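Structure data follow from run.txt (compact mmCIF, C-alpha atoms):
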```txt
# COMPACT_ATOMS: atom_id res chain seq x y z
CA MET A 167 67.37 127.87 21.90
CA LYS A 168 65.93 131.26 22.72
CA ASP A 169 63.08 130.13 24.97
CA LEU A 170 64.52 129.82 28.46
CA LEU A 171 61.54 127.78 29.68
CA ALA A 172 62.50 125.00 27.27
CA VAL A 173 66.16 125.32 28.28
CA ILE A 174 65.30 124.87 31.94
CA MET A 175 63.01 121.91 31.25
CA LEU A 176 65.83 120.25 29.30
CA LEU A 177 68.20 120.94 32.18
CA GLY A 178 65.79 119.14 34.50
CA ILE A 179 65.66 116.13 32.17
CA TYR A 180 69.46 116.18 31.93
CA SER A 181 69.70 116.11 35.73
CA LEU A 182 67.36 113.14 35.94
CA LEU A 183 69.39 111.34 33.26
CA SER A 184 72.64 112.01 35.12
CA ALA A 185 70.97 110.60 38.24
CA SER A 186 70.42 107.39 36.30
CA PHE A 187 74.13 107.43 35.29
CA PHE A 188 74.96 107.56 38.98
CA VAL A 189 72.77 104.54 39.69
CA ALA A 190 74.50 102.66 36.89
CA MET A 191 77.86 103.54 38.45
CA ASP A 192 76.81 102.26 41.92
CA ALA A 193 76.47 105.68 43.54
CA VAL A 194 72.94 105.26 44.89
CA ASP A 195 73.19 108.00 47.51
CA VAL A 196 74.45 110.47 44.94
CA ALA A 197 71.74 109.52 42.46
CA PHE A 198 69.13 110.05 45.13
CA THR A 199 70.46 113.52 45.86
CA GLU A 200 70.79 114.47 42.21
CA ALA A 201 67.24 113.34 41.42
CA SER A 202 65.71 115.32 44.25
CA VAL A 203 67.95 118.40 43.99
CA GLY A 204 68.83 118.68 40.32
CA ALA A 205 65.60 117.53 38.75
CA GLY A 206 63.31 118.91 41.43
CA ILE A 207 64.41 121.96 43.33
CA SER A 208 66.89 123.50 40.91
CA THR A 209 64.37 123.36 38.03
CA LEU A 210 61.76 124.99 40.24
CA LEU A 211 64.06 127.80 41.42
CA MET A 212 65.14 128.54 37.86
CA LEU A 213 61.51 128.71 36.73
CA VAL A 214 60.70 131.17 39.50
CA ALA A 215 63.77 133.21 38.51
CA ILE A 216 62.79 133.45 34.83
CA THR A 217 59.35 134.74 35.69
CA MET A 218 61.22 137.74 37.04
CA THR A 219 64.05 138.07 34.54
CA GLY A 220 62.12 137.39 31.34
CA ARG A 221 61.48 134.23 29.43
CA SER A 222 63.38 134.74 26.18
CA GLU A 223 67.01 135.34 25.40
CA HIS A 224 68.08 138.14 23.05
CA PRO A 225 69.77 136.95 19.87
CA VAL A 226 73.57 136.99 20.01
CA ARG A 227 74.94 139.54 17.57
CA HIS A 228 78.65 138.74 17.49
CA LYS A 229 79.96 135.54 15.93
CA PRO A 230 80.83 132.93 18.56
CA LEU A 231 83.90 131.69 16.65
CA LEU A 232 86.41 132.84 19.25
CA ALA A 233 84.49 131.10 22.02
CA LEU A 234 84.28 127.95 19.90
CA ALA A 235 88.05 128.03 19.31
CA VAL A 236 88.76 128.46 23.02
CA VAL A 237 86.45 125.57 23.86
CA ILE A 238 87.96 123.24 21.25
CA VAL A 239 91.54 124.00 22.35
CA THR A 240 90.69 123.48 26.04
CA GLY A 241 88.77 120.32 25.22
CA SER A 242 91.59 118.78 23.24
CA LEU A 243 94.09 119.63 25.97
CA LEU A 244 91.84 117.91 28.51
CA ILE A 245 91.46 114.85 26.24
CA TYR A 246 95.26 114.74 25.93
CA GLY A 247 95.39 114.90 29.73
CA THR A 248 93.06 111.93 30.10
CA LEU A 249 95.42 109.65 28.16
CA ASP A 250 97.35 109.00 31.38
CA MET A 251 94.22 108.25 33.39
CA PRO A 252 93.46 104.73 34.65
CA TYR A 253 90.83 102.88 32.64
CA PHE A 254 87.17 102.96 33.58
CA GLY A 255 86.33 100.38 36.20
CA SER A 256 89.88 99.19 36.81
CA ALA A 257 90.32 98.04 40.40
CA GLU A 258 94.05 98.89 40.37
CA ALA A 259 93.49 102.64 39.91
CA PRO A 260 95.39 104.76 42.46
CA ILE A 261 92.11 106.11 43.88
CA HIS A 262 91.18 102.65 45.19
CA GLN A 263 94.50 102.06 46.97
CA HIS A 264 94.73 104.71 49.64
CA VAL A 265 91.93 105.23 52.19
CA ALA A 266 89.02 103.43 50.55
CA PRO A 267 90.08 99.89 51.64
CA ARG A 268 90.15 101.09 55.24
CA TYR A 269 86.61 102.46 54.94
CA ILE A 270 85.34 99.30 53.28
CA ASN A 271 87.06 96.83 55.59
CA ASP A 272 86.97 98.52 58.98
CA SER A 273 83.94 100.80 59.03
CA MET A 274 81.62 98.03 60.25
CA GLN A 275 83.75 97.44 63.37
CA GLU A 276 84.55 101.10 63.97
CA ILE A 277 81.20 102.76 63.19
CA GLY A 278 78.73 99.88 63.00
CA VAL A 279 76.74 101.35 60.12
CA PRO A 280 76.20 99.29 56.94
CA ASN A 281 76.03 102.25 54.56
CA ILE A 282 79.70 103.18 54.09
CA VAL A 283 78.77 106.48 52.48
CA THR A 284 76.94 107.53 55.65
CA SER A 285 79.76 106.49 57.94
CA VAL A 286 82.35 108.35 55.86
CA LEU A 287 80.11 111.40 55.47
CA ALA A 288 79.03 111.67 59.08
CA SER A 289 81.93 110.23 61.02
CA TYR A 290 85.30 109.88 59.25
CA ARG A 291 84.86 113.12 57.35
CA ALA A 292 82.44 114.94 59.63
CA PHE A 293 84.64 118.01 59.57
CA ASP A 294 84.28 118.29 55.76
CA THR A 295 80.54 117.85 56.01
CA PHE A 296 80.39 120.51 58.68
CA GLY A 297 82.10 122.87 56.24
CA GLU A 298 79.54 122.01 53.55
CA VAL A 299 76.63 122.64 55.90
CA VAL A 300 78.09 126.02 56.79
CA VAL A 301 78.42 126.81 53.06
CA ILE A 302 74.75 125.94 52.50
CA PHE A 303 73.77 128.07 55.48
CA THR A 304 75.87 130.98 54.20
CA ALA A 305 74.36 130.71 50.71
CA GLY A 306 70.89 130.79 52.27
CA MET A 307 71.83 133.91 54.22
CA GLY A 308 73.23 135.42 51.00
CA VAL A 309 69.91 134.91 49.20
CA LEU A 310 68.13 136.36 52.19
CA ALA A 311 70.36 139.42 52.13
CA LEU A 312 70.07 139.91 48.36
CA LEU A 313 66.32 139.51 48.06
CA SER A 314 65.15 141.12 51.28
CA VAL A 315 66.39 144.68 50.81
CA ALA A 316 64.83 147.53 48.82
CA ARG A 317 61.48 145.96 48.21
CA ARG A 318 59.26 147.63 45.63
CA PRO A 319 55.90 149.10 46.73
CA VAL A 320 53.39 146.35 47.34
CA ASP A 321 50.35 146.03 45.15
CA ILE A 322 48.19 144.05 47.54
CA LYS A 323 45.29 143.55 45.15
CA LYS A 324 47.56 141.94 42.58
CA VAL A 325 49.16 139.62 45.12
CA ASN A 326 45.82 138.46 46.42
CA SER A 327 44.41 137.83 42.98
CA PHE A 328 47.43 135.66 42.16
CA ASN A 329 47.04 133.69 45.33
CA ASN A 330 43.32 133.15 45.04
CA SER A 331 43.31 132.27 41.37
CA MET A 332 45.61 129.34 42.03
CA HIS A 333 43.54 128.39 45.01
CA GLU A 334 40.25 128.10 43.18
CA GLN A 335 41.33 126.73 39.82
CA HIS A 336 43.07 123.44 40.44
CA LEU A 337 40.60 121.43 42.46
CA VAL A 338 41.99 118.02 41.48
CA LEU A 339 45.58 119.10 42.05
CA ARG A 340 44.68 120.53 45.44
CA ILE A 341 43.02 117.37 46.67
CA VAL A 342 45.73 115.09 45.31
CA THR A 343 48.38 117.32 46.91
CA LYS A 344 46.61 117.22 50.25
CA MET A 345 46.63 113.44 50.06
CA LEU A 346 50.27 113.24 48.97
CA ILE A 347 51.90 115.67 51.39
CA PRO A 348 51.71 113.43 54.49
CA PHE A 349 53.34 110.62 52.53
CA ILE A 350 56.08 112.90 51.24
CA LEU A 351 56.79 114.06 54.79
CA LEU A 352 56.78 110.48 56.05
CA PHE A 353 59.15 109.48 53.26
CA ALA A 354 61.47 112.36 54.17
CA LEU A 355 61.59 111.17 57.78
CA TYR A 356 62.21 107.59 56.62
CA VAL A 357 65.09 108.76 54.43
CA GLN A 358 66.44 110.81 57.33
CA PHE A 359 66.52 107.99 59.86
CA HIS A 360 67.14 105.06 57.55
CA GLY A 361 70.25 106.69 56.06
CA ASP A 362 72.46 104.45 58.21
CA PHE A 363 71.21 101.28 56.53
CA GLY A 364 70.25 102.23 52.99
CA PRO A 365 70.74 105.16 50.66
CA GLY A 366 69.62 108.38 52.28
CA GLY A 367 70.56 110.81 55.00
CA GLY A 368 70.18 114.36 56.11
CA PHE A 369 70.89 116.03 52.77
CA GLN A 370 68.30 114.08 50.79
CA ALA A 371 65.74 114.14 53.59
CA GLY A 372 66.05 117.89 53.96
CA VAL A 373 65.47 118.41 50.27
CA ILE A 374 62.46 116.08 50.15
CA PHE A 375 60.97 117.75 53.21
CA ALA A 376 61.41 121.16 51.63
CA SER A 377 59.88 119.99 48.36
CA SER A 378 56.63 119.05 50.11
CA ILE A 379 56.46 122.59 51.48
CA PHE A 380 57.14 123.95 47.96
CA LEU A 381 54.28 121.87 46.61
CA TYR A 382 51.95 123.22 49.26
CA THR A 383 53.04 126.81 48.59
CA MET A 384 52.60 126.50 44.83
CA LEU A 385 49.04 125.27 45.13
CA PHE A 386 47.71 127.18 48.09
CA GLY A 387 49.56 130.47 47.63
CA MET A 388 52.10 132.39 49.67
CA THR A 389 49.64 133.85 52.18
CA THR A 390 48.40 130.43 53.28
CA ALA A 391 51.93 129.06 53.40
CA ARG A 392 53.07 132.02 55.46
CA ARG A 393 50.34 131.31 57.96
CA LEU A 394 51.68 127.74 58.15
CA ILE A 395 55.37 128.57 58.42
CA ASN A 396 56.71 131.52 60.34
CA GLN A 397 59.60 133.18 58.48
CA SER A 398 61.67 134.09 61.52
CA PHE A 399 61.08 130.65 63.02
CA ILE A 400 62.50 128.97 59.93
CA GLN A 401 65.52 131.26 60.00
CA ILE A 402 66.20 130.29 63.61
CA LEU A 403 65.74 126.64 62.60
CA ALA A 404 68.38 126.97 59.86
CA ALA A 405 70.87 128.37 62.35
CA SER A 406 70.03 125.81 65.02
CA GLY A 407 70.73 122.94 62.60
CA VAL A 408 74.28 124.21 62.10
CA LEU A 409 74.61 124.77 65.85
CA LEU A 410 73.38 121.24 66.62
CA TYR A 411 76.01 119.85 64.25
CA GLY A 412 78.77 122.02 65.70
CA SER A 413 77.83 121.35 69.30
CA VAL A 414 78.11 117.57 68.80
CA GLY A 415 81.73 118.26 67.85
CA VAL A 416 82.25 120.52 70.86
CA VAL A 417 80.77 117.92 73.24
CA SER A 418 83.21 115.28 72.02
CA LEU A 419 85.98 117.86 72.39
CA LEU A 420 84.96 118.54 75.99
CA ASN A 421 84.93 114.81 76.74
CA GLY A 422 88.62 114.66 75.93
CA LYS A 423 88.42 113.25 72.39
CA ASN A 424 89.01 114.85 68.99
CA PHE A 425 86.52 117.22 67.39
CA PHE A 426 83.69 115.03 65.97
CA ASP A 427 85.04 111.84 67.57
CA TYR A 428 81.66 110.47 68.62
CA SER A 429 83.01 107.56 70.62
CA ALA A 430 83.20 110.11 73.42
CA LEU A 431 79.40 110.44 73.49
CA SER A 432 78.76 107.08 75.14
CA SER A 433 80.66 104.50 77.14
CA ASP A 434 80.41 102.07 74.23
CA PRO A 435 82.26 103.55 71.23
CA VAL A 436 79.95 102.05 68.59
CA ALA A 437 76.82 103.27 70.41
CA GLY A 438 78.47 106.69 70.62
CA GLN A 439 79.06 106.64 66.89
CA HIS A 440 75.40 105.80 66.28
CA LEU A 441 74.23 108.64 68.49
CA GLY A 442 76.67 111.08 66.90
CA ILE A 443 75.66 110.18 63.35
CA LEU A 444 71.98 110.44 64.25
CA LEU A 445 72.46 113.90 65.75
CA ILE A 446 74.55 115.40 63.00
CA GLU A 447 72.33 113.96 60.26
CA LEU A 448 69.45 115.63 62.07
CA GLY A 449 71.40 118.89 62.09
CA VAL A 450 72.13 118.54 58.36
CA GLY A 451 68.50 117.72 57.60
CA ILE A 452 67.14 120.69 59.55
CA THR A 453 69.60 123.12 57.97
CA VAL A 454 69.11 121.90 54.40
CA ALA A 455 65.31 121.85 54.66
CA SER A 456 65.03 125.30 56.21
CA VAL A 457 67.60 126.91 53.89
CA MET A 458 65.73 125.54 50.85
CA VAL A 459 62.44 126.85 52.22
CA ILE A 460 64.00 130.26 52.95
CA ILE A 461 65.40 130.48 49.42
CA PHE A 462 62.11 129.46 47.80
CA PHE A 463 60.05 131.85 49.93
CA LYS A 464 62.36 134.74 49.18
CA PHE A 465 62.15 134.11 45.44
CA ALA A 466 58.37 133.73 45.56
CA ASP A 467 58.04 136.92 47.64
CA ARG A 468 60.15 138.85 45.21
CA ARG A 469 58.04 137.60 42.34
CA ASP A 470 54.83 138.70 43.98
CA TYR A 471 56.18 142.15 44.74
CA SER A 472 58.19 142.89 41.61
CA PRO A 473 56.50 145.07 38.97
CA SER A 474 57.61 142.91 36.03
CA ASN A 475 54.93 140.42 36.87
CA GLU A 476 53.13 140.22 33.54
CA ASN A 477 54.24 136.85 32.26
CA LYS A 478 52.40 134.56 34.62
CA ASP A 479 52.77 131.50 32.50
CA PHE A 480 52.60 128.87 35.20
CA MET B 857 92.57 99.81 23.94
CA LEU B 858 91.92 103.52 24.42
CA MET B 859 88.17 102.87 24.61
CA GLY B 860 88.67 102.28 28.35
CA LEU B 861 88.87 106.03 28.71
CA TYR B 862 85.48 106.80 27.21
CA ASN B 863 84.06 107.94 30.55
CA ASP B 864 86.63 110.74 30.71
CA TRP B 865 85.83 111.80 27.16
CA VAL B 866 82.11 112.01 27.88
CA VAL B 867 82.99 114.21 30.84
CA VAL B 868 85.25 116.44 28.71
CA VAL B 869 82.54 116.86 26.06
CA LEU B 870 79.89 117.77 28.65
CA MET B 871 82.29 120.11 30.40
CA MET B 872 83.10 121.89 27.15
CA ILE B 873 79.38 122.25 26.33
CA GLY B 874 78.89 123.94 29.68
CA PHE B 875 82.00 126.08 29.20
CA TYR B 876 80.86 127.17 25.74
CA ILE B 877 77.46 128.26 27.08
CA VAL B 878 79.14 130.25 29.83
CA ILE B 879 81.45 132.18 27.51
CA ALA B 880 79.34 132.48 24.35
CA HIS B 881 75.94 133.48 25.72
CA GLY B 882 75.15 136.89 27.12
CA ASN B 883 72.04 135.95 29.07
CA LEU B 884 72.88 135.55 32.76
CA ILE B 885 70.28 132.81 33.34
CA LYS B 886 71.75 130.85 30.47
CA LYS B 887 75.21 131.27 31.96
CA ILE B 888 73.93 129.73 35.19
CA VAL B 889 72.47 126.82 33.16
CA GLY B 890 75.90 126.41 31.53
CA LEU B 891 77.55 126.37 34.93
CA SER B 892 75.24 123.63 36.15
CA ILE B 893 76.05 121.49 33.11
CA PHE B 894 79.75 122.05 33.83
CA GLN B 895 79.15 121.14 37.47
CA THR B 896 77.30 117.93 36.61
CA SER B 897 80.14 116.88 34.31
CA VAL B 898 82.53 117.13 37.26
CA PHE B 899 80.11 115.01 39.33
CA ILE B 900 80.06 112.36 36.61
CA PHE B 901 83.87 112.46 36.49
CA TYR B 902 84.20 111.74 40.20
CA ILE B 903 81.55 109.03 40.25
CA SER B 904 83.04 107.30 37.21
CA MET B 905 86.41 107.24 38.98
CA ALA B 906 84.81 105.49 41.94
CA LYS B 907 83.33 102.66 39.85
CA VAL B 908 85.05 99.30 40.13
CA ASP B 909 84.27 96.53 37.64
CA GLY B 910 82.11 93.89 39.29
CA GLY B 911 81.65 96.09 42.33
CA THR B 912 78.37 97.05 43.90
CA ALA B 913 76.94 100.01 45.81
CA PRO B 914 78.94 100.66 49.01
CA ILE B 915 76.37 99.35 51.47
CA LEU B 916 77.82 96.46 53.45
CA ALA B 917 75.97 93.17 53.07
CA GLU B 918 76.65 89.48 53.44
CA GLY B 919 78.32 87.69 50.58
CA ILE B 920 79.58 90.69 48.65
CA GLN B 921 83.33 90.99 48.11
CA GLN B 922 83.78 93.98 45.82
CA TYR B 923 82.43 97.46 46.56
CA SER B 924 82.80 100.67 44.61
CA ASN B 925 84.84 103.40 46.26
CA PRO B 926 82.61 105.29 48.74
CA LEU B 927 84.82 108.37 49.16
CA PRO B 928 83.98 110.16 45.85
CA HIS B 929 80.31 109.46 46.53
CA VAL B 930 80.53 111.36 49.81
CA LEU B 931 82.31 114.30 48.20
CA ILE B 932 79.80 114.57 45.36
CA LEU B 933 76.73 114.07 47.55
CA THR B 934 77.59 117.15 49.56
CA ALA B 935 78.76 119.01 46.43
CA ILE B 936 75.33 118.59 44.79
CA VAL B 937 73.52 120.21 47.70
CA VAL B 938 76.13 122.97 47.95
CA GLY B 939 75.74 123.38 44.18
CA ILE B 940 72.01 124.08 44.43
CA ALA B 941 72.62 126.58 47.25
CA THR B 942 75.18 128.48 45.19
CA THR B 943 72.96 128.29 42.07
CA ALA B 944 70.19 129.87 44.11
CA LEU B 945 72.60 132.62 45.12
CA GLY B 946 73.48 133.19 41.46
CA LEU B 947 69.81 133.35 40.50
CA ALA B 948 69.19 135.84 43.31
CA LEU B 949 71.99 138.01 41.92
CA ALA B 950 70.46 137.78 38.44
CA VAL B 951 67.08 138.86 39.82
CA ARG B 952 68.65 141.87 41.54
CA ILE B 953 70.55 142.77 38.35
CA LYS B 954 67.30 142.62 36.41
CA GLU B 955 65.72 145.01 38.90
CA ALA B 956 68.66 147.40 38.81
CA TYR B 957 69.36 147.39 35.05
CA GLY B 958 66.08 146.20 33.56
CA SER B 959 67.86 143.39 31.73
CA VAL B 960 69.89 140.23 32.24
CA GLU B 961 71.72 140.49 28.91
CA GLU B 962 75.42 141.15 29.38
CA GLU B 963 75.70 143.58 26.46
CA GLU B 964 72.83 145.77 27.62
CA ILE B 965 74.18 145.86 31.16
CA GLN B 966 77.57 146.99 29.87
CA LYS B 967 75.97 149.63 27.64
CA LYS B 968 74.13 151.07 30.63
CA ASP B 969 77.29 151.05 32.71
CA ASN B 970 79.17 152.91 29.97
CA LEU B 971 76.44 155.55 29.77
CA ASP B 972 76.70 156.15 33.49
CA CYS B 973 80.42 156.92 33.42
```

Reformat the file's structure so that it appears as structure tokens.
Amino acid sequence: MKDLLAVIMLLGIYSLLSASFFVAMDAVDVAFTEASVGAGISTLLMLVAITMTGRSEHPVRHKPLLALAVVIVTGSLLIYGTLDMPYFGSAEAPIHQHVAPRYINDSMQEIGVPNIVTSVLASYRAFDTFGEVVVIFTAGMGVLALLSVARRPVDIKKVNSFNNSMHEQHLVLRIVTKMLIPFILLFALYVQFHGDFGPGGGFQAGVIFASSIFLYTMLFGMTTARRLINQSFIQILAASGVLLYGSVGVVSLLNGKNFFDYSALSSDPVAGQHLGILLIELGVGITVASVMVIIFFKFADRRDYSPSNENKDF
Amino acid sequence: MLMGLYNDWVVVVLMMIGFYIVIAHGNLIKKIVGLSIFQTSVFIFYISMAKVDGGTAPILAEGIQQYSNPLPHVLILTAIVVGIATTALGLALAVRIKEAYGSVEEEEIQKKDNLDC
């Protein structure tokens, strides 16, 4: 397919379908994340990117036979490798023997949170999650560094016309959006704080929160959104989320326990775990939301300022 | 008997589709699309490993004996969000390449580089 718009739309549908696979395979938290990230934000970012890089792909001149051969050989080797794998759904597979029974049997006494995924994510493996949050933060800073420098001369008239045209055209969309945004924000907060009991948590909540800001920006234009959200404030917010997460670990360290051992936070270990999980999920949520907003704003800025701005097809 | 492995084969097929797009297409945006298909196939691989027959979602409730394995869910949940952050970084690089070279096609970029030397 040479039209990249169609390719990206299909990728979004594929993401939504894989989210439904995850539901079918009992991974509700993962499905939630994939639906909001893969089908929502990644599609949107790719669309913004192709408005800058061009919508169509040039035809490939060389024959792709070599690539096809490489792919078939690798694929058959992998299939050969799977022959030793345990069967789908078998409860005796090695993966279910090692740490998982401990999480399933003991996490209620040790952490006191019904959603095992949350207790593993935020407590047993908090160190891993801290690493992931730092990776997200670093990627956000990378986008900031790449798209902030060497800006082209600004054509203010053009920017304003783009912003205002969107503002005046879609009356129905604007009103419906205004009605929906409070509910999206409320839902994000629900997902954030209900993550202990049902599917949800900081990652999903951050993404949903950011998507409501995206929606607002798309309909009311960058200038209005910039008046709403201060760029340097959101950058500080991204850093403070990581710091909040890290400092919870440092506090438990100072209280004589291990890094991220939240039972140090309160006299009752289970209450300490609750407090710790709440705080680090908040840190995750703040970082994810603000990094997504930073990335989206940087892309949208670049699009407004770049000279190759002719194909305004959405 | 071997049909019990069909989840792995689906993953291999998806992974190879992604791999083929990455190596056979010259357009950088399309390469990123290929990478995300590859990435999702790995997600499906992990989640399908976690599934236990007769199990349910790992949220503790009364009267449920069998749960699916929560550990791969945790790993993949964070991997998805990290994946979008790194995809955004890749797209940012593609945008900068477009501005520097006027194209995101691999062949044209290489041609320009050869002219410069």

Name all residues at most 9 Å from Asp294 (chain A) (count only C-alpha atoms; drop same-chain ones fewer than 5 positions away) and give them as a PyMOL selection string.
(chain A and resi 287+299) or (chain B and resi 931)

Shell around Thr942 (chain B) at 10 Å using all atoms listed in the file, local window under 2 positions removed, as a CSV table (one decimal) with C-alpha atoms, in the frame of the given file:
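Dumped to selection-v4.csv:
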```csv
chain,number,residue,atom,x,y,z
A,301,VAL,CA,78.4,126.8,53.1
A,302,ILE,CA,74.8,125.9,52.5
A,304,THR,CA,75.9,131.0,54.2
A,305,ALA,CA,74.4,130.7,50.7
A,306,GLY,CA,70.9,130.8,52.3
A,308,GLY,CA,73.2,135.4,51.0
A,309,VAL,CA,69.9,134.9,49.2
B,936,ILE,CA,75.3,118.6,44.8
B,937,VAL,CA,73.5,120.2,47.7
B,938,VAL,CA,76.1,123.0,48.0
B,939,GLY,CA,75.7,123.4,44.2
B,940,ILE,CA,72.0,124.1,44.4
B,944,ALA,CA,70.2,129.9,44.1
B,945,LEU,CA,72.6,132.6,45.1
B,946,GLY,CA,73.5,133.2,41.5
B,947,LEU,CA,69.8,133.4,40.5
B,948,ALA,CA,69.2,135.8,43.3
```

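Residue nearest Leu171 (chain A) within the list A:Thr217, A:Ser273, A:Ser184, A:Ser413: A:Thr217 [criterion: smallest interatomic distance, all atoms listed in the file].
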
Here is a test: counting only C-alpha atoms, which residue of A:Val283, A:Ala233, A:Gly241, A:Ile460 is nearest to Ile877 (chain B)?
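Ranked by minimum distance to Ile877 (chain B), first place goes to A:Ala233.
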
Give the padded box for region 202-212 of chain A as AutoDock Vina command-line options: axis-aligned, covering all atoms listed in the file, 5 Å on each side, centre and edge lengths in Å to one decimal.
```
--center_x 65.3 --center_y 121.9 --center_z 41.1 --size_x 17.1 --size_y 23.2 --size_z 16.4
```

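Atom pair CA of Gly911 (chain B) / CA of Ala292 (chain A): separated by 25.6 Å.
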
Residue nearest Leu916 (chain B) - candidates A:Asn271, A:Asn421, A:Thr209, A:Thr295, atoms counted: all atoms listed in the file
A:Asn271

Nearby residues (only C-alpha atoms) at most 12 Å from Gly247 (chain A), same-chain spacing under 6 positions excluded, as a PDB file with C-alpha atoms, in the frame of the given file:
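Contents of the output file part-v9.pdb:
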```pdb
ATOM      1  CA  THR A 240      90.690 123.480  26.040  1.00  0.00           C
ATOM      2  CA  GLY A 241      88.770 120.320  25.220  1.00  0.00           C
TER       3      GLY A 241
ATOM      4  CA  LEU B 861      88.870 106.030  28.710  1.00  0.00           C
ATOM      5  CA  ASP B 864      86.630 110.740  30.710  1.00  0.00           C
ATOM      6  CA  TRP B 865      85.830 111.800  27.160  1.00  0.00           C
ATOM      7  CA  VAL B 868      85.250 116.440  28.710  1.00  0.00           C
TER       8      VAL B 868
END
```

Using all atoms listed in the file - which residues lie no farther than 6 Å from the point (70.3, 126.0, 33.8) in the file's frame? Write them as number ranges by chain.
A: 174, 177; B: 888-889, 892

Identify the residues within 8 Å of coordinate (59.3, 121.8, 36.0) (same frame as the file), considering only C-alpha atoms, and give the answer as an mmCIF file with C-alpha atoms, in the coordinates of the input.
```cif
data_model
loop_
_atom_site.group_PDB
_atom_site.id
_atom_site.type_symbol
_atom_site.label_atom_id
_atom_site.label_comp_id
_atom_site.auth_asym_id
_atom_site.auth_seq_id
_atom_site.Cartn_x
_atom_site.Cartn_y
_atom_site.Cartn_z
ATOM 1 C CA ILE A 174 65.300 124.870 31.940
ATOM 2 C CA MET A 175 63.010 121.910 31.250
ATOM 3 C CA GLY A 178 65.790 119.140 34.500
ATOM 4 C CA GLY A 206 63.310 118.910 41.430
ATOM 5 C CA THR A 209 64.370 123.360 38.030
ATOM 6 C CA LEU A 210 61.760 124.990 40.240
ATOM 7 C CA LEU A 213 61.510 128.710 36.730
#
```

Pick from A:Ile395, A:Ala266, A:Ile400, A:Ala455 nearest to Val930 (chain B), counting all atoms listed in the file
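The closest residue to Val930 (chain B) is A:Ala266.
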
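Using all atoms listed in the file, the shortest contact distance between chain A and any of B:Val867, B:Ile873, B:Val908, B:Met859 is found at B:Val908.
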
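Near Gln895 (chain B), within 10 Å and counting all atoms listed in the file, sit Leu870, Met871, Gly874, Val889, Gly890, Leu891, Ser892, Ile893, Ser897, Val898, Phe899, Ile900, Phe901, Ala935, Ile936 and Gly939 of chain B, not including residues fewer than 2 positions from it in the same chain.
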
Could you work out how far CA of Ala941 (chain B) lies from CA of Leu448 (chain A), giving the answer in Å with one decimal?
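Taking CA of Leu448 (chain A) and CA of Ala941 (chain B), their separation equals 18.7 Å.
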
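Nearest residue to chain B among A:Ile379, A:Met345, A:Ala257, A:Ala172 is A:Ala257, counting only C-alpha atoms.
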
Near-His262 (chain A) list (10 Å; only C-alpha atoms; drop same-chain fewer than 6 positions) as a PDB file with C-alpha atoms, in the coordinates of the input:
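Result written to around_24.pdb:
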```
ATOM      1  CA  SER A 256      89.880  99.190  36.810  1.00  0.00           C
TER       2      SER A 256
ATOM      3  CA  MET B 905      86.410 107.240  38.980  1.00  0.00           C
ATOM      4  CA  ALA B 906      84.810 105.490  41.940  1.00  0.00           C
ATOM      5  CA  LYS B 907      83.330 102.660  39.850  1.00  0.00           C
ATOM      6  CA  VAL B 908      85.050  99.300  40.130  1.00  0.00           C
ATOM      7  CA  SER B 924      82.800 100.670  44.610  1.00  0.00           C
ATOM      8  CA  ASN B 925      84.840 103.400  46.260  1.00  0.00           C
ATOM      9  CA  PRO B 926      82.610 105.290  48.740  1.00  0.00           C
ATOM     10  CA  LEU B 927      84.820 108.370  49.160  1.00  0.00           C
TER      11      LEU B 927
END
```
